[in-house]
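J.: The structure file work.txt (compact mmCIF, C-alpha atoms) is provided below.
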# COMPACT_ATOMS: atom_id res chain seq x y z
CA MET N 30 0.00 0.00 0.00
CA PRO N 31 1.59 3.35 -1.02
CA THR N 32 2.28 5.66 1.91
CA VAL N 33 2.26 9.41 2.49
CA LYS N 34 5.74 10.88 2.00
CA ALA N 35 7.22 14.17 3.14
CA THR N 36 8.35 16.48 0.36
CA THR N 37 10.04 19.84 -0.10
CA VAL N 38 8.58 22.46 -2.41
CA SER N 39 10.82 24.49 -4.66
CA ALA N 40 9.97 28.12 -4.02
CA GLN N 41 11.45 29.09 -7.40
CA ASP N 42 8.59 27.72 -9.49
CA PRO N 43 5.56 26.75 -7.35
CA GLN N 44 3.17 27.09 -10.30
CA ASN N 45 5.02 24.43 -12.27
CA TYR N 46 5.15 22.26 -9.16
CA GLU N 47 1.34 22.49 -8.76
CA ASP N 48 0.80 21.89 -12.48
CA LEU N 49 2.75 18.65 -12.21
CA HIS N 50 1.68 17.35 -8.81
CA VAL N 51 -1.89 18.68 -8.55
CA HIS N 52 -3.57 19.78 -11.81
CA ALA N 53 -2.21 17.07 -14.08
CA VAL N 54 -3.03 14.41 -11.50
CA TYR N 55 -6.67 15.44 -11.07
CA ASP N 56 -7.24 15.56 -14.81
CA GLU N 57 -5.94 11.98 -14.99
CA ILE N 58 -7.93 10.57 -12.07
CA ALA N 59 -11.11 12.68 -12.45
CA PRO N 60 -13.70 9.89 -13.02
CA HIS N 61 -12.23 7.61 -10.35
CA PHE N 62 -11.82 10.49 -7.90
CA SER N 63 -15.40 11.66 -8.48
CA SER N 64 -16.76 8.18 -7.79
CA THR N 65 -15.34 8.41 -4.25
CA ARG N 66 -16.60 11.94 -3.55
CA TYR N 67 -20.38 11.94 -3.32
CA LYS N 68 -21.40 12.47 0.33
CA PRO N 69 -21.45 16.09 1.62
CA TRP N 70 -19.69 16.71 4.92
CA PRO N 71 -22.19 17.66 7.67
CA ILE N 72 -20.78 21.06 8.70
CA ILE N 73 -20.64 22.20 5.06
CA ALA N 74 -24.21 21.02 4.41
CA THR N 75 -25.37 22.81 7.58
CA PHE N 76 -23.58 26.01 6.56
CA LEU N 77 -25.21 26.05 3.12
CA ALA N 78 -28.64 25.25 4.61
CA SER N 79 -28.28 28.25 6.95
CA LEU N 80 -27.95 30.79 4.11
CA PRO N 81 -30.92 32.96 3.06
CA ALA N 82 -32.91 31.80 0.04
CA GLY N 83 -32.01 33.63 -3.14
CA TRP N 84 -28.34 34.06 -2.33
CA VAL N 85 -25.73 33.48 -5.04
CA GLY N 86 -22.34 32.01 -4.18
CA VAL N 87 -19.19 30.37 -5.50
CA ASP N 88 -17.45 27.08 -4.78
CA LEU N 89 -13.73 27.77 -5.25
CA GLY N 90 -12.21 24.42 -6.18
CA THR N 91 -15.52 22.70 -6.81
CA GLY N 92 -14.05 19.38 -8.02
CA ASN N 93 -16.95 17.15 -9.11
CA GLY N 94 -19.47 19.74 -7.90
CA LYS N 95 -20.99 17.69 -5.09
CA TYR N 96 -21.87 20.87 -3.15
CA LEU N 97 -23.48 22.70 -6.08
CA PRO N 98 -26.95 21.11 -5.60
CA LEU N 99 -27.10 21.89 -1.86
CA PRO N 100 -29.11 22.38 0.26
CA VAL N 101 -30.94 19.17 -0.69
CA GLU N 102 -33.88 19.96 1.58
CA LEU N 103 -34.43 23.29 -0.23
CA PRO N 104 -33.52 22.62 -3.88
CA GLY N 105 -33.04 25.77 -5.91
CA SER N 106 -32.95 28.09 -2.89
CA LEU N 107 -29.26 28.88 -3.55
CA TRP N 108 -27.34 29.32 -6.77
CA THR N 109 -23.72 28.18 -6.47
CA VAL N 110 -21.23 28.67 -9.29
CA GLY N 111 -18.39 26.14 -9.38
CA LEU N 112 -14.79 27.06 -10.27
CA ASP N 113 -11.97 24.56 -10.80
CA ARG N 114 -8.67 24.11 -12.66
CA SER N 115 -9.52 20.59 -13.83
CA ARG N 116 -11.53 20.56 -17.05
CA ASN N 117 -12.27 16.86 -16.59
CA LEU N 118 -13.74 17.39 -13.13
CA LEU N 119 -15.74 20.38 -14.41
CA GLN N 120 -17.34 18.15 -17.05
CA ILE N 121 -18.67 16.06 -14.16
CA ALA N 122 -19.57 19.09 -12.01
CA LYS N 123 -21.58 20.60 -14.86
CA HIS N 124 -24.24 17.93 -14.29
CA ALA N 125 -23.98 17.54 -10.51
CA GLY N 126 -27.21 16.37 -8.93
CA GLY N 127 -28.71 15.59 -12.33
CA SER N 128 -29.21 19.24 -13.33
CA GLU N 129 -27.27 21.70 -15.46
CA ARG N 130 -24.87 23.73 -13.28
CA GLU N 131 -22.88 26.91 -13.81
CA VAL N 132 -19.18 26.05 -13.83
CA VAL N 133 -16.11 28.13 -14.67
CA TRP N 134 -12.65 26.96 -15.65
CA GLY N 135 -10.24 29.02 -13.59
CA ASP N 136 -7.73 29.27 -10.78
CA VAL N 137 -8.47 30.14 -7.14
CA LEU N 138 -5.53 32.58 -7.31
CA ASP N 139 -7.26 34.64 -9.99
CA GLY N 140 -10.13 37.09 -9.56
CA PRO N 141 -12.35 36.56 -12.62
CA TRP N 142 -15.33 38.45 -11.13
CA ARG N 143 -15.92 41.89 -9.68
CA PRO N 144 -15.22 42.33 -5.94
CA GLY N 145 -18.19 41.43 -3.75
CA ALA N 146 -20.02 39.63 -6.56
CA PHE N 147 -21.22 36.79 -4.34
CA ASP N 148 -23.18 36.47 -1.12
CA TYR N 149 -21.14 33.47 0.02
CA ALA N 150 -18.13 31.36 -0.91
CA ILE N 151 -16.85 27.93 0.02
CA SER N 152 -13.39 26.49 -0.50
CA ILE N 153 -13.34 22.81 0.39
CA ALA N 154 -10.10 20.79 0.30
CA THR N 155 -8.47 23.17 -2.18
CA ILE N 156 -6.13 25.67 -0.51
CA HIS N 157 -3.98 22.83 0.84
CA HIS N 158 -2.93 22.10 -2.78
CA LEU N 159 -1.16 25.47 -3.08
CA ALA N 160 2.57 25.04 -2.67
CA THR N 161 3.72 28.14 -0.73
CA PRO N 162 2.40 30.18 2.22
CA GLU N 163 2.06 33.27 0.00
CA ARG N 164 -0.04 31.43 -2.57
CA ARG N 165 -2.28 30.01 0.15
CA LYS N 166 -2.71 33.49 1.60
CA THR N 167 -3.50 34.91 -1.85
CA ALA N 168 -6.24 32.30 -2.26
CA VAL N 169 -7.81 33.42 1.02
CA LYS N 170 -7.67 37.05 -0.15
CA ARG N 171 -9.40 36.18 -3.43
CA LEU N 172 -12.12 34.37 -1.48
CA LEU N 173 -12.67 37.33 0.86
CA GLU N 174 -12.70 39.74 -2.08
CA SER N 175 -15.32 37.68 -3.89
CA ILE N 176 -18.02 38.02 -1.19
CA ALA N 177 -20.11 41.07 -0.31
CA PRO N 178 -18.29 43.30 2.20
CA SER N 179 -21.53 44.03 4.08
CA HIS N 180 -22.81 40.48 4.63
CA GLY N 181 -20.69 37.89 2.80
CA ARG N 182 -20.19 34.53 4.44
CA ALA N 183 -17.55 31.89 3.77
CA LEU N 184 -16.36 28.45 4.79
CA ILE N 185 -12.85 27.04 4.22
CA TYR N 186 -11.74 23.43 4.76
CA VAL N 187 -8.19 22.05 4.56
CA TRP N 188 -6.62 18.72 5.48
CA ALA N 189 -5.03 18.53 8.94
CA ILE N 190 -1.80 16.99 10.15
CA GLU N 191 -3.95 15.51 12.90
CA GLN N 192 -5.71 12.54 11.30
CA ASP N 193 -8.42 10.59 13.13
CA GLU N 194 -8.58 6.82 13.65
CA LEU N 195 -10.70 6.31 10.51
CA SER N 196 -8.15 7.94 8.22
CA LYS N 197 -6.06 5.80 5.87
CA ARG N 198 -3.32 8.43 5.94
CA GLU N 199 -0.42 8.52 8.38
CA ILE N 200 1.43 11.82 8.18
CA PRO N 201 5.23 11.49 8.45
CA ALA N 202 6.81 13.25 11.40
CA SER N 203 8.75 16.44 10.85
CA SER N 204 11.10 18.32 13.11
CA GLY N 205 9.34 20.90 15.21
CA LEU N 206 6.05 19.03 15.17
CA GLY N 207 5.19 16.64 17.97
CA SER N 208 2.39 15.38 20.45
CA GLY N 209 -0.53 13.78 18.66
CA GLU N 210 -3.38 15.07 20.79
CA ASP N 211 -6.68 15.93 19.16
CA PRO N 212 -7.04 19.76 19.38
CA ASN N 213 -10.79 19.47 19.94
CA GLY N 214 -10.95 16.54 22.32
CA GLY N 215 -12.09 14.09 19.64
CA PRO N 216 -10.88 10.55 18.98
CA GLU N 217 -7.23 9.60 19.17
CA ILE N 218 -5.39 10.79 16.10
CA LYS N 219 -2.71 9.33 13.87
CA SER N 220 0.05 11.82 14.44
CA THR N 221 3.15 12.42 16.48
CA HIS N 222 3.04 16.18 15.91
CA SER N 223 2.52 19.08 18.28
CA SER N 224 1.02 22.40 17.33
CA ALA N 225 3.78 24.61 16.02
CA ARG N 226 1.38 26.31 13.59
CA LYS N 227 3.59 25.02 10.87
CA GLY N 228 2.18 22.37 8.60
CA GLN N 229 3.82 19.61 6.64
CA ASP N 230 4.30 19.34 2.86
CA VAL N 231 3.58 15.81 1.67
CA PHE N 232 2.78 13.62 -1.31
CA VAL N 233 -0.45 11.67 -0.82
CA PRO N 234 -0.75 8.71 -3.23
CA TRP N 235 -3.82 8.04 -5.34
CA VAL N 236 -4.04 4.46 -6.61
CA LEU N 237 -5.86 4.30 -9.93
CA ALA N 238 -7.07 0.77 -10.56
CA ALA N 239 -6.92 -0.68 -14.05
CA PRO N 240 -10.18 -0.71 -16.05
CA PRO N 241 -12.08 -4.02 -15.60
CA GLU N 242 -11.65 -5.01 -19.26
CA LEU N 243 -7.85 -4.82 -18.97
CA LYS N 244 -7.91 -6.91 -15.80
CA SER N 245 -10.09 -9.58 -17.40
CA LYS N 246 -7.77 -9.78 -20.44
CA SER N 247 -4.79 -10.26 -18.14
CA ARG N 248 -6.55 -13.05 -16.24
CA ARG N 249 -7.50 -14.84 -19.48
CA LYS N 250 -3.90 -14.73 -20.73
CA GLY N 251 -2.61 -16.06 -17.43
CA LYS N 252 -4.75 -19.20 -17.77
CA SER N 253 -3.24 -20.11 -21.14
CA GLY N 254 -0.26 -22.43 -21.04
CA SER N 255 0.60 -22.04 -24.72
CA GLN N 256 3.59 -20.14 -25.99
CA ALA N 257 2.82 -16.50 -26.67
CA SER N 258 2.27 -15.54 -30.30
CA PRO N 259 3.51 -12.18 -31.64
CA GLU N 260 -0.05 -10.84 -31.14
CA ASP N 261 -0.03 -12.10 -27.55
CA LYS N 262 3.26 -10.36 -26.93
CA VAL N 263 1.72 -7.10 -28.09
CA MET N 264 -1.16 -7.72 -25.69
CA GLN N 265 1.30 -8.43 -22.90
CA GLY N 266 2.52 -4.90 -23.34
CA GLY N 267 -0.90 -3.99 -22.02
CA GLU N 268 -0.42 -6.08 -18.88
CA ALA N 269 1.70 -3.32 -17.39
CA GLN N 270 -1.21 -0.99 -18.03
CA ALA N 271 -3.46 -3.45 -16.18
CA SER N 272 -1.46 -2.85 -13.01
CA PRO N 273 -2.68 -0.03 -10.76
CA ARG N 274 -1.11 3.36 -11.42
CA VAL N 275 -0.03 5.46 -8.47
CA PHE N 276 -0.20 9.26 -8.68
CA GLU N 277 1.49 11.46 -6.07
CA ARG N 278 -0.67 14.46 -5.12
CA TYR N 279 0.89 17.45 -3.35
CA TYR N 280 -0.72 18.61 -0.09
CA HIS N 281 0.19 21.08 2.60
CA MET N 282 -1.20 19.44 5.74
CA PHE N 283 -2.24 22.21 8.12
CA ALA N 284 -1.25 22.34 11.79
CA GLU N 285 -3.52 23.48 14.60
CA GLY N 286 -4.08 27.25 14.44
CA GLU N 287 -2.40 27.63 11.05
CA LEU N 288 -5.59 28.17 9.04
CA SER N 289 -6.99 30.86 11.33
CA GLU N 290 -3.60 32.60 11.32
CA LEU N 291 -3.56 32.49 7.51
CA VAL N 292 -7.03 34.07 7.37
CA THR N 293 -6.02 36.75 9.87
CA GLU N 294 -2.86 37.64 7.92
CA ALA N 295 -4.82 37.85 4.66
CA ALA N 296 -7.48 40.07 6.24
CA VAL N 297 -4.94 42.43 7.82
CA GLU N 298 -3.12 42.82 4.49
CA MET N 299 -6.50 43.68 2.94
CA LYS N 300 -6.88 46.34 5.66
CA LEU N 301 -9.88 44.55 7.15
CA GLN N 302 -10.62 44.65 10.86
CA VAL N 303 -10.53 41.15 12.35
CA GLY N 304 -13.30 40.39 14.82
CA GLY N 305 -16.99 41.08 15.24
CA CYS N 306 -18.37 44.45 14.20
CA THR N 307 -19.09 45.31 17.87
CA SER N 308 -15.42 44.85 18.77
CA VAL N 309 -14.21 47.88 16.76
CA GLU N 310 -15.27 51.48 16.45
CA GLN N 311 -18.20 52.00 14.08
CA ARG N 312 -16.36 54.49 11.89
CA ILE N 313 -13.00 56.15 11.62
CA GLY N 314 -14.12 59.69 10.96
CA SER N 315 -16.36 59.48 7.90
CA VAL N 316 -14.64 56.37 6.50
CA PRO N 317 -16.67 53.11 6.75
CA VAL N 318 -14.98 50.27 8.60
CA CYS N 319 -14.85 46.89 6.88
CA GLY N 320 -14.03 43.70 8.68
CA VAL N 321 -14.20 39.94 8.87
CA GLU N 322 -15.24 37.79 11.81
CA ILE N 323 -14.09 34.23 12.42
CA VAL N 324 -17.43 32.71 13.42
CA GLN N 325 -16.13 29.15 13.85
CA ASP N 326 -12.65 27.66 13.96
CA GLY N 327 -12.52 23.90 14.38
CA TRP N 328 -11.39 20.40 13.46
CA GLU N 329 -13.64 17.75 11.95
CA ARG N 330 -12.67 14.29 10.72
CA SER N 331 -9.05 15.04 9.83
CA ASN N 332 -9.81 18.56 8.52
CA TYR N 333 -9.47 22.09 9.88
CA TYR N 334 -12.14 24.60 8.98
CA VAL N 335 -13.05 28.25 9.53
CA GLU N 336 -16.39 29.93 9.00
CA LEU N 337 -16.15 33.64 8.18
CA ARG N 338 -18.53 36.58 8.03
CA ARG N 339 -17.75 39.91 6.39
CA TRP N 340 -19.25 43.14 7.71
CA LYS N 341 -19.21 46.85 6.97
CA ASN N 342 -20.23 49.86 9.09
Take the structure in this file and express it as structure tokens.

T.:
Amino acid sequence: MPTVKATTVSAQDPQNYEDLHVHAVYDEIAPHFSSTRYKPWPIIATFLASLPAGWVGVDLGTGNGKYLPLPVELPGSLWTVGLDRSRNLLQIAKHAGGSEREVVWGDVLDGPWRPGAFDYAISIATIHHLATPERRKTAVKRLLESIAPSHGRALIYVWAIEQDELSKREIPASSGLGSGEDPNGGPEIKSTHSSARKGQDVFVPWVLAAPPELKSKSRRKGKSGSQASPEDKVMQGGEAQASPRVFERYYHMFAEGELSELVTEAAVEMKLQVGGCTSVEQRIGSVPVCGVEIVQDGWERSNYYVELRRWKN
């Protein structure tokens, strides 16, 4: 079974690194990946169900679009546009939930729409694929810019170093990271790391099984005791293809507190007040004050998440 491996990112060309170890991989594994991603996570479903009917939002890194049809109990009450770098995943997302969806081919580091165009934004399991702290911070800025400054709401999820007992991933230890306690008092976690607010760069393998028809051909050939003909030898070239292919996907596994710090740094650089609107002065002279509040900051099933609310006075 392939294991998670620590890696080091070259700061000289992070875009090329992501192209090779993220974008190219997802285009290759899109159908198989999508078949394993169909059940919405509870906190995300609850967040979307809490939004006012008629709101329009964006899913930044939508993947196969599994969140585009939500909330299932109020179909059509929200309109979520999906953005992703993988054209192959977008082809799947375009028909998520059995209906035609609005999807956009693009990068979470770009700003293809006017500031404040959306009422809400979600970014689920996406920012951890960006290879440097600055790029991850830029993605948070683009998300905050995309939602209405007076009422916009957002939810961000990233993978955590701290993995629970149901996870198949064991994160390799790194210097400066240590204890292995669950930050929220949940089940015992697969980690020997402490919170240094410094995550770990890793390759997480994706095993792509061979198509059934290739497997069946290989089995039929194996049962034959006759000497291989030239045609059989050509077919045997396909036996290597019948073996599972392993793709290494780049992830930055977040440490406890790292995501909320990233959001805070992004907000401060955008000159936004951090905290609830009652925690700052209403106005500075005649200039309106804009801010962002961290409504929730938690850990769920091997992920860290933050829920955000923008406000303006």

J.: Quick one: distance from CA of Arg330 in chain N to CA of Thr75 in chain N in Å, one decimal?

T.: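 CA of Thr75 in chain N lies at a distance of 15.6 Å from CA of Arg330 in chain N.
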
J.: Could you give me, as a ChimeraX atom specification, the residues within 6 Å of Trp340 in chain N, counting all atoms listed in the file and dropping anything in the same chain fewer than 2 positions from it?

T.: /N:178-180,319-320

J.: Please produce an output containing C-alpha atoms for each residue in the selection, written as a PDB file, in the frame of the given file.

T.:
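So the final result, stored in part35.pdb, reads:
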ATOM      1  CA  PRO N 178     -18.290  43.300   2.200  1.00  0.00           C
ATOM      2  CA  SER N 179     -21.530  44.030   4.080  1.00  0.00           C
ATOM      3  CA  HIS N 180     -22.810  40.480   4.630  1.00  0.00           C
ATOM      4  CA  CYS N 319     -14.850  46.890   6.880  1.00  0.00           C
ATOM      5  CA  GLY N 320     -14.030  43.700   8.680  1.00  0.00           C
TER       6      GLY N 320
END

J.: Which residue out of N:Gln192, N:Asn342, N:Thr37, N:Thr167 has the minimum interatomic distance to Gly305 in chain N when only C-alpha atoms are used?

T.: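 Ranked by minimum distance to Gly305 in chain N, first place goes to N:Asn342.
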
J.: In the coordinates of the file, take the point (-3.5, 30.3, 16.4) and a cut-off of 12 Å; then, counting all atoms listed in the file, name each qualifying protein, DNA or RNA residue as a short mmCIF file (atom, residue, chain, number, x, y, z; two decimals) with C-alpha atoms, in the frame of the given file.

T.:
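The result, stored in out.cif:
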data_model
loop_
_atom_site.label_atom_id
_atom_site.label_comp_id
_atom_site.auth_asym_id
_atom_site.auth_seq_id
_atom_site.Cartn_x
_atom_site.Cartn_y
_atom_site.Cartn_z
CA PRO N 212 -7.04 19.76 19.38
CA SER N 224 1.02 22.40 17.33
CA ALA N 225 3.78 24.61 16.02
CA ARG N 226 1.38 26.31 13.59
CA LYS N 227 3.59 25.02 10.87
CA PHE N 283 -2.24 22.21 8.12
CA ALA N 284 -1.25 22.34 11.79
CA GLU N 285 -3.52 23.48 14.60
CA GLY N 286 -4.08 27.25 14.44
CA GLU N 287 -2.40 27.63 11.05
CA LEU N 288 -5.59 28.17 9.04
CA SER N 289 -6.99 30.86 11.33
CA GLU N 290 -3.60 32.60 11.32
CA LEU N 291 -3.56 32.49 7.51
CA VAL N 292 -7.03 34.07 7.37
CA THR N 293 -6.02 36.75 9.87
CA GLU N 294 -2.86 37.64 7.92
CA ILE N 323 -14.09 34.23 12.42
CA ASP N 326 -12.65 27.66 13.96
CA GLY N 327 -12.52 23.90 14.38
CA VAL N 335 -13.05 28.25 9.53
#

J.: I'd like to know which of N:Leu49, N:Ala295, N:Ala35, N:Ala154 is closest to Ile200 in chain N, using all atoms listed in the file.

T.: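 Closest to Ile200 in chain N, using all atoms listed in the file: N:Ala35.
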
J.: Could you give me, as a tab-separated table (two decimals) with C-alpha atoms, in the coordinates of the input, the residues that sit within 12 Å of (-18.3, 32.8, -4.3) in the file's coordinates, counting all atoms listed in the file?

T.:
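So result_3.tsv came out as:
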chain	number	residue	atom	x	y	z
N	84	TRP	CA	-28.34	34.06	-2.33
N	85	VAL	CA	-25.73	33.48	-5.04
N	86	GLY	CA	-22.34	32.01	-4.18
N	87	VAL	CA	-19.19	30.37	-5.50
N	88	ASP	CA	-17.45	27.08	-4.78
N	89	LEU	CA	-13.73	27.77	-5.25
N	90	GLY	CA	-12.21	24.42	-6.18
N	91	THR	CA	-15.52	22.70	-6.81
N	97	LEU	CA	-23.48	22.70	-6.08
N	107	LEU	CA	-29.26	28.88	-3.55
N	108	TRP	CA	-27.34	29.32	-6.77
N	109	THR	CA	-23.72	28.18	-6.47
N	110	VAL	CA	-21.23	28.67	-9.29
N	111	GLY	CA	-18.39	26.14	-9.38
N	112	LEU	CA	-14.79	27.06	-10.27
N	132	VAL	CA	-19.18	26.05	-13.83
N	133	VAL	CA	-16.11	28.13	-14.67
N	137	VAL	CA	-8.47	30.14	-7.14
N	140	GLY	CA	-10.13	37.09	-9.56
N	141	PRO	CA	-12.35	36.56	-12.62
N	142	TRP	CA	-15.33	38.45	-11.13
N	143	ARG	CA	-15.92	41.89	-9.68
N	144	PRO	CA	-15.22	42.33	-5.94
N	145	GLY	CA	-18.19	41.43	-3.75
N	146	ALA	CA	-20.02	39.63	-6.56
N	147	PHE	CA	-21.22	36.79	-4.34
N	148	ASP	CA	-23.18	36.47	-1.12
N	149	TYR	CA	-21.14	33.47	0.02
N	150	ALA	CA	-18.13	31.36	-0.91
N	151	ILE	CA	-16.85	27.93	0.02
N	152	SER	CA	-13.39	26.49	-0.50
N	169	VAL	CA	-7.81	33.42	1.02
N	171	ARG	CA	-9.40	36.18	-3.43
N	172	LEU	CA	-12.12	34.37	-1.48
N	173	LEU	CA	-12.67	37.33	0.86
N	174	GLU	CA	-12.70	39.74	-2.08
N	175	SER	CA	-15.32	37.68	-3.89
N	176	ILE	CA	-18.02	38.02	-1.19
N	177	ALA	CA	-20.11	41.07	-0.31
N	181	GLY	CA	-20.69	37.89	2.80
N	182	ARG	CA	-20.19	34.53	4.44
N	183	ALA	CA	-17.55	31.89	3.77
N	184	LEU	CA	-16.36	28.45	4.79
N	185	ILE	CA	-12.85	27.04	4.22

J.: Using Å and a single decimal, report how far CA of Met282 in chain N sits from CA of Glu47 in chain N.

T.: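 Pair CA of Glu47 in chain N / CA of Met282 in chain N returns 15.0 Å.
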